[in-house]
Amino acid sequence: MASLVAASKTEDLFVLALKAPVSDYLGKLIAQKSKEEINNWKENGFINYLSGPKGKIKLNYSFFEDAETYNGNYENYRKIKTPTLIVHGDKDITVPIEQSKKTTSLIPICKLEVIENADHFFKGPGEFEKVTGSIVDFIMQYS
């Protein structure tokens, strides 16, 4: 999302390529958490979000507040003039592909490359190669 916001504020980029980007953190968080979970998050100040190599990762409630602040960025994506590629797996449960479809529809020069049967991490056979190949081809098209 940070790349999308930055791209909407500059004309200095010649190409933008994104891999399964979160376009709307607030929508993603609300879709994943109940109102009770969000209230508990606020009261505790953090939640255990994901398991990383060193155990649980704590996500401060300020992250939710930032997501509220930047909510509605979809309309800013219309300002992106840079040719953009979004690569997204159709089996991504971490970031819904609907976010990339909506973002693609708003950016004037934008292509959505859907990798069939791929999750958010593109770890299946040949998926990483498809992603990198799509990105390289797109960059070459505009360089």
# chains A, B, ... in the order shown; residues from 1 in each chain; ligands from 1
call {"tool": "residues_around", "arguments": {"residues": "segment 103-111 of chain A", "least_positions_apart": "3", "cutoff": "9 Å", "atoms": "only C-alpha atoms", "output": "list in words"}}
result
Ser23, Tyr74, Glu75, Asn76, Tyr77, Arg78, Lys79, Ile80, Lys81, Thr82, Pro83, Thr84, Leu85, Ile86, Val87, Glu98, Gln99 and Ser100 of chain A
call {"tool": "select_by_dssp", "arguments": {"residues": "chain A", "states": "helix (DSSP H, G or I)", "output": "PyMOL selection string"}}
result
chain A and resi 2-7+25-32+35-44+61-69+73-79+97-106+127-141
call {"tool": "write_last_selection", "arguments": {"atoms": "C-alpha atoms", "output": "mmCIF file, in the first residue's frame"}}
result
data_model
loop_
_atom_site.group_PDB
_atom_site.id
_atom_site.type_symbol
_atom_site.label_atom_id
_atom_site.label_comp_id
_atom_site.auth_asym_id
_atom_site.auth_seq_id
_atom_site.Cartn_x
_atom_site.Cartn_y
_atom_site.Cartn_z
ATOM 1 C CA ALA A 2 2.899 2.342 0.730
ATOM 2 C CA SER A 3 4.120 1.931 -2.858
ATOM 3 C CA LEU A 4 0.663 2.735 -4.216
ATOM 4 C CA VAL A 5 0.346 5.833 -2.025
ATOM 5 C CA ALA A 6 3.848 7.003 -3.006
ATOM 6 C CA ALA A 7 3.147 6.385 -6.708
ATOM 7 C CA TYR A 25 -5.488 -2.385 5.019
ATOM 8 C CA LEU A 26 -8.629 -1.305 6.847
ATOM 9 C CA GLY A 27 -10.829 -3.469 4.636
ATOM 10 C CA LYS A 28 -8.429 -6.373 5.074
ATOM 11 C CA LEU A 29 -8.341 -6.005 8.863
ATOM 12 C CA ILE A 30 -12.102 -5.624 9.208
ATOM 13 C CA ALA A 31 -12.665 -8.673 7.000
ATOM 14 C CA GLN A 32 -10.359 -10.733 9.236
ATOM 15 C CA LYS A 35 -15.732 -6.143 16.341
ATOM 16 C CA GLU A 36 -14.943 -7.874 19.626
ATOM 17 C CA GLU A 37 -11.426 -8.760 18.435
ATOM 18 C CA ILE A 38 -10.840 -5.156 17.331
ATOM 19 C CA ASN A 39 -12.085 -3.855 20.705
ATOM 20 C CA ASN A 40 -9.784 -6.298 22.537
ATOM 21 C CA TRP A 41 -6.923 -5.189 20.298
ATOM 22 C CA LYS A 42 -7.554 -1.581 21.280
ATOM 23 C CA GLU A 43 -7.803 -2.409 24.992
ATOM 24 C CA ASN A 44 -4.625 -4.522 24.994
ATOM 25 C CA TYR A 61 -3.191 -0.997 17.716
ATOM 26 C CA SER A 62 -1.634 2.092 16.124
ATOM 27 C CA PHE A 63 -1.438 0.005 12.934
ATOM 28 C CA PHE A 64 -5.263 -0.161 12.898
ATOM 29 C CA GLU A 65 -5.448 3.578 13.533
ATOM 30 C CA ASP A 66 -3.079 4.208 10.604
ATOM 31 C CA ALA A 67 -5.266 1.989 8.425
ATOM 32 C CA GLU A 68 -8.257 4.142 9.370
ATOM 33 C CA THR A 69 -6.301 7.295 8.495
ATOM 34 C CA ASN A 73 -6.896 5.451 -0.775
ATOM 35 C CA TYR A 74 -8.594 3.725 -3.668
ATOM 36 C CA GLU A 75 -9.607 7.112 -5.071
ATOM 37 C CA ASN A 76 -5.996 8.318 -4.878
ATOM 38 C CA TYR A 77 -4.929 5.384 -7.040
ATOM 39 C CA ARG A 78 -6.609 7.127 -9.988
ATOM 40 C CA LYS A 79 -3.766 9.674 -9.778
ATOM 41 C CA ILE A 97 -7.542 -10.707 -5.038
ATOM 42 C CA GLU A 98 -10.594 -8.421 -5.152
ATOM 43 C CA GLN A 99 -8.366 -5.624 -3.815
ATOM 44 C CA SER A 100 -6.036 -5.974 -6.804
ATOM 45 C CA LYS A 101 -8.960 -6.173 -9.226
ATOM 46 C CA LYS A 102 -10.391 -2.932 -7.849
ATOM 47 C CA THR A 103 -6.994 -1.215 -7.861
ATOM 48 C CA THR A 104 -6.369 -2.324 -11.450
ATOM 49 C CA SER A 105 -9.679 -0.803 -12.521
ATOM 50 C CA LEU A 106 -8.689 2.579 -11.075
ATOM 51 C CA GLU A 127 5.026 -19.789 -9.489
ATOM 52 C CA PHE A 128 8.029 -17.670 -8.511
ATOM 53 C CA GLU A 129 9.356 -17.958 -12.054
ATOM 54 C CA LYS A 130 5.971 -16.848 -13.454
ATOM 55 C CA VAL A 131 5.907 -13.829 -11.147
ATOM 56 C CA THR A 132 9.459 -12.725 -11.905
ATOM 57 C CA GLY A 133 9.001 -13.396 -15.620
ATOM 58 C CA SER A 134 5.868 -11.243 -15.706
ATOM 59 C CA ILE A 135 7.621 -8.425 -13.865
ATOM 60 C CA VAL A 136 10.718 -8.542 -16.080
ATOM 61 C CA ASP A 137 8.595 -8.614 -19.263
ATOM 62 C CA PHE A 138 6.563 -5.641 -18.033
ATOM 63 C CA ILE A 139 9.634 -3.604 -17.143
ATOM 64 C CA MET A 140 11.228 -4.395 -20.512
ATOM 65 C CA GLN A 141 8.067 -3.257 -22.277
#
call {"tool": "atom_distance", "arguments": {"atom1": "atom CA of Glu113 of chain A", "atom2": "atom CA of Ile93 of chain A"}}
result
16.9 Å
call {"tool": "atom_distance", "arguments": {"atom1": "atom CA of Gly89 of chain A", "atom2": "atom CA of Met1 of chain A"}}
result
17.1 Å
call {"tool": "closest_residue", "arguments": {"among": "A:Lys9, A:Lys33, A:Lys56, A:Lys19", "to": "Asp92 of chain A", "atoms": "only C-alpha atoms"}}
result
A:Lys19
call {"tool": "atom_distance", "arguments": {"atom1": "atom CA of Lys123 of chain A", "atom2": "atom CA of Val22 of chain A"}}
result
18.6 Å
call {"tool": "closest_residue", "arguments": {"among": "A:Ala118, A:Leu59, A:Leu13, A:Ala20", "to": "His88 of chain A", "atoms": "only C-alpha atoms"}}
result
A:Ala20
call {"tool": "select_by_dssp", "arguments": {"residues": "chain A", "states": "strand (DSSP E or B)", "output": "count of residues only"}}
result
29
